[in-house]
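See structure below.
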Amino acid sequence: MGTVAYGLLAKVHWPARERAIRGLVARHFLPAEANRREMIRMLDVGCGPGWLAETAASLGADYLGLDPDPPRGRSDVVEGRAADVAGHLEARDVVIVNGTAHHLDDVEFESLLTAARGAAGVIVCDHARDETTSARSRFLQSIDRGRHVRDFSVFASLAGWQRLETTRFPIRIAGIAAWDYFAAAYRPEASS
Ligand SMILES: C[S@@+](CC[C@H](N)C(=O)[O-])C[C@H]1O[C@@H](n2cnc3c(N)ncnc32)[C@H](O)[C@@H]1O
């Protein structure tokens with residue numbers, strides 16, 4: 001999809017996703033000001049146009065975007081795939097996988113999660129699919145360019161990760177719920 005087309009569609013689907021991710025970062029990963037030792041960084045895997053940079057700035061966080069097809073002329077976005085994340089990761093990172101998990105096959109998704117265990121946490125925001133998902137949303141999931149829309153049970157329990165919070169929300173067009181979405185925050189479980 002071209003930049004212009006994505007930009008138009010994003011007017012519909014961006015605000016709800018941005019709000020959910022912002023809330024999860026603020027509630028789970030921003031240290032209380034008094035105890036603040038280090039600025040977190042939002043490492044945005046499959047960042048597309050890199051719009052979460054504005055969210056990061058407004059939260060007082062640093063930002064790095066990673067995408068196989070990065071926007072030109074941005075010093076805070078680098079070219080790369082999810083499988084390359086280890087080469088960019090810092091311990092202070094909150095790895096954001098926003099609308100990207102359904103573009104990753106199981107091997108690449110697992111390698112991303114394994115590498116991200118060296119970070120502070122992960123936030124996944126993606127299609128929600130389970131027995132409550134509407135027929136309309138299932139249809140939209142079936143025609144998505146990403147071929148790996150997963151059942152929510154996969155995200156309910158990611159091996160090696162503690163799920164901190166999940167929020168489910170519809171993305172609406174003209175007031176009608178179109179896509180069922182979720183956003184979930186995780187932190188790595190301590191290894192035994
Ligand atoms: C639906 S777009 C979401 C973009 C952005 N996160 C947003 O929410 O606006 C999916 C993004 O995943 C990227 N992508 C596709 N395959 C990828 C891979 N293997 N690793 C990382 N990103 C990938 C695409 O280039 C695209 O920018």
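In the structure tokens, chains take letters A, B, ... by order of appearance, with residues numbered from 1 within each chain and ligands from 1 in the order shown.
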>> Taking only C-alpha atoms and all ligand atoms into account, list the residues no farther than 7 Å from ligand 1, as a PyMOL selection string.
In response: chain A and resi 14+45-51+66-69+80-83+97-100+103-104
Checklist line | segment 165-175 of chain A environment, 7 Å, only C-alpha atoms, sequence neighbours closer than 6 positions dropped, as a PyMOL selection string | finding: chain A and resi 12-13+16+181-185
Go through A:Leu113, A:Leu158, A:Ala178, A:Ala56 one by one, measure the shortest atom-to-atom distance of each to Ala128 of chain A using only C-alpha atoms, and give the residue with the smallest value.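 When distances to Ala128 of chain A are compared using only C-alpha atoms, the smallest one comes from A:Ala178.
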In segment 39-150 of chain A, what's strand (DSSP E or B) per DSSP? Answer as a list in words?
-> Arg41, Met42, Leu43, Asp44, Val45, Asp62, Tyr63, Leu64, Gly65, Leu66, Asp67, Val77, Val78, Glu79, Asp93, Val94, Val95, Ile96, Val97, Asn98, Gly121, Val122, Ile123, Val124, Cys125, Asp126 and His127 of chain A
Asp84 of chain A proximity check over A:Ser134, A:Asp44, A:Ile21, A:Leu112, using only C-alpha atoms: winner is A:Leu112
If you count only C-alpha atoms, the residue of A:Met39, A:Leu9, A:Leu140, A:Cys125 closest to Phe152 of chain A turns out to be A:Cys125
* Do a neighbour search on Arg145 of chain A at 9 Å with only C-alpha atoms, toss out local chain neighbours closer than 2 positions, and write the hits as number ranges by chain. => A: 102-103, 141-143, 147
Those residues with N, CA and C atoms, as an mmCIF file, in the first residue's frame please?
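That gives us out36.cif:
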```cif
data_model
loop_
_atom_site.group_PDB
_atom_site.id
_atom_site.type_symbol
_atom_site.label_atom_id
_atom_site.label_comp_id
_atom_site.auth_asym_id
_atom_site.auth_seq_id
_atom_site.Cartn_x
_atom_site.Cartn_y
_atom_site.Cartn_z
ATOM 1 N N HIS A 102 1.001 -9.759 12.577
ATOM 2 C CA HIS A 102 0.320 -10.578 11.559
ATOM 3 C C HIS A 102 1.051 -10.542 10.211
ATOM 4 N N HIS A 103 2.172 -9.808 10.155
ATOM 5 C CA HIS A 103 3.032 -9.849 8.964
ATOM 6 C C HIS A 103 4.217 -10.799 9.176
ATOM 7 N N GLN A 141 -10.085 -9.390 8.636
ATOM 8 C CA GLN A 141 -8.833 -10.103 8.932
ATOM 9 C C GLN A 141 -8.442 -11.011 7.764
ATOM 10 N N SER A 142 -9.456 -11.606 7.139
ATOM 11 C CA SER A 142 -9.164 -12.583 6.071
ATOM 12 C C SER A 142 -8.614 -11.908 4.815
ATOM 13 N N ILE A 143 -8.890 -10.601 4.643
ATOM 14 C CA ILE A 143 -8.378 -9.928 3.436
ATOM 15 C C ILE A 143 -7.172 -9.037 3.740
ATOM 16 N N ARG A 147 -0.516 -12.273 6.409
ATOM 17 C CA ARG A 147 -1.100 -13.610 6.279
ATOM 18 C C ARG A 147 -1.035 -14.410 7.579
#
```
Could you state the separation of atom CA of Ala119 of chain A and atom CA of Arg72 of chain A in Å, given to one decimal place?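 These two atoms are separated by 26.9 Å.
If only C-alpha atoms are the atoms counted, then among A:Leu30, A:Ala156, A:Leu52, A:Ala190 the closest residue to Gly118 of chain A is A:Ala190.
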Next on the checklist: I'd like the interatomic distance between atom CA of Leu24 of chain A and atom CA of Tyr63 of chain A, to a tenth of an Å.
Outcome noted: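 Interatomic distance here is 15.8 Å.
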Leu43 of chain A: which residues within 7 Å, counting only C-alpha atoms, same-chain residues fewer than 2 positions away excluded, as a PDB file with N, CA and C atoms, in the first residue's frame?
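The resulting file, result.pdb, is reproduced below:
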```
ATOM      1  N   ARG A  41      13.219   3.630  25.894  1.00  0.00           N
ATOM      2  CA  ARG A  41      13.152   3.849  24.444  1.00  0.00           C
ATOM      3  C   ARG A  41      12.062   2.947  23.893  1.00  0.00           C
ATOM      4  N   VAL A  45       8.995  -2.016  16.054  1.00  0.00           N
ATOM      5  CA  VAL A  45       9.351  -3.008  15.036  1.00  0.00           C
ATOM      6  C   VAL A  45       8.243  -3.082  13.980  1.00  0.00           C
ATOM      7  N   TYR A  63      13.091   7.052  20.954  1.00  0.00           N
ATOM      8  CA  TYR A  63      12.385   6.286  19.919  1.00  0.00           C
ATOM      9  C   TYR A  63      13.369   5.775  18.891  1.00  0.00           C
ATOM     10  N   LEU A  64      13.177   4.530  18.467  1.00  0.00           N
ATOM     11  CA  LEU A  64      13.852   4.009  17.275  1.00  0.00           C
ATOM     12  C   LEU A  64      12.850   3.146  16.521  1.00  0.00           C
ATOM     13  N   GLY A  65      12.679   3.419  15.244  1.00  0.00           N
ATOM     14  CA  GLY A  65      11.814   2.612  14.401  1.00  0.00           C
ATOM     15  C   GLY A  65      12.655   1.687  13.531  1.00  0.00           C
ATOM     16  N   ASP A  93      14.766  -0.864  26.375  1.00  0.00           N
ATOM     17  CA  ASP A  93      13.743  -0.789  25.326  1.00  0.00           C
ATOM     18  C   ASP A  93      12.406  -1.396  25.745  1.00  0.00           C
ATOM     19  N   VAL A  94      11.338  -0.747  25.323  1.00  0.00           N
ATOM     20  CA  VAL A  94      10.021  -1.380  25.263  1.00  0.00           C
ATOM     21  C   VAL A  94       9.794  -1.647  23.778  1.00  0.00           C
ATOM     22  N   VAL A  95       9.755  -2.920  23.432  1.00  0.00           N
ATOM     23  CA  VAL A  95       9.626  -3.307  22.018  1.00  0.00           C
ATOM     24  C   VAL A  95       8.154  -3.236  21.638  1.00  0.00           C
ATOM     25  N   ILE A  96       7.835  -2.436  20.638  1.00  0.00           N
ATOM     26  CA  ILE A  96       6.445  -2.258  20.217  1.00  0.00           C
ATOM     27  C   ILE A  96       6.242  -3.006  18.897  1.00  0.00           C
TER      28      ILE A  96
END
```
Among chain A, which ones does DSSP place in helix (DSSP H, G or I), written as a PyMOL selection string? chain A and resi 3-28+33-35+52-59+82-88+101-103+106-116+135-142+152-156
Counting only C-alpha atoms, the residue among A:Ala101, A:Ala115, A:Glu110, A:Asp180 that lies closest to Arg150 of chain A is A:Ala101
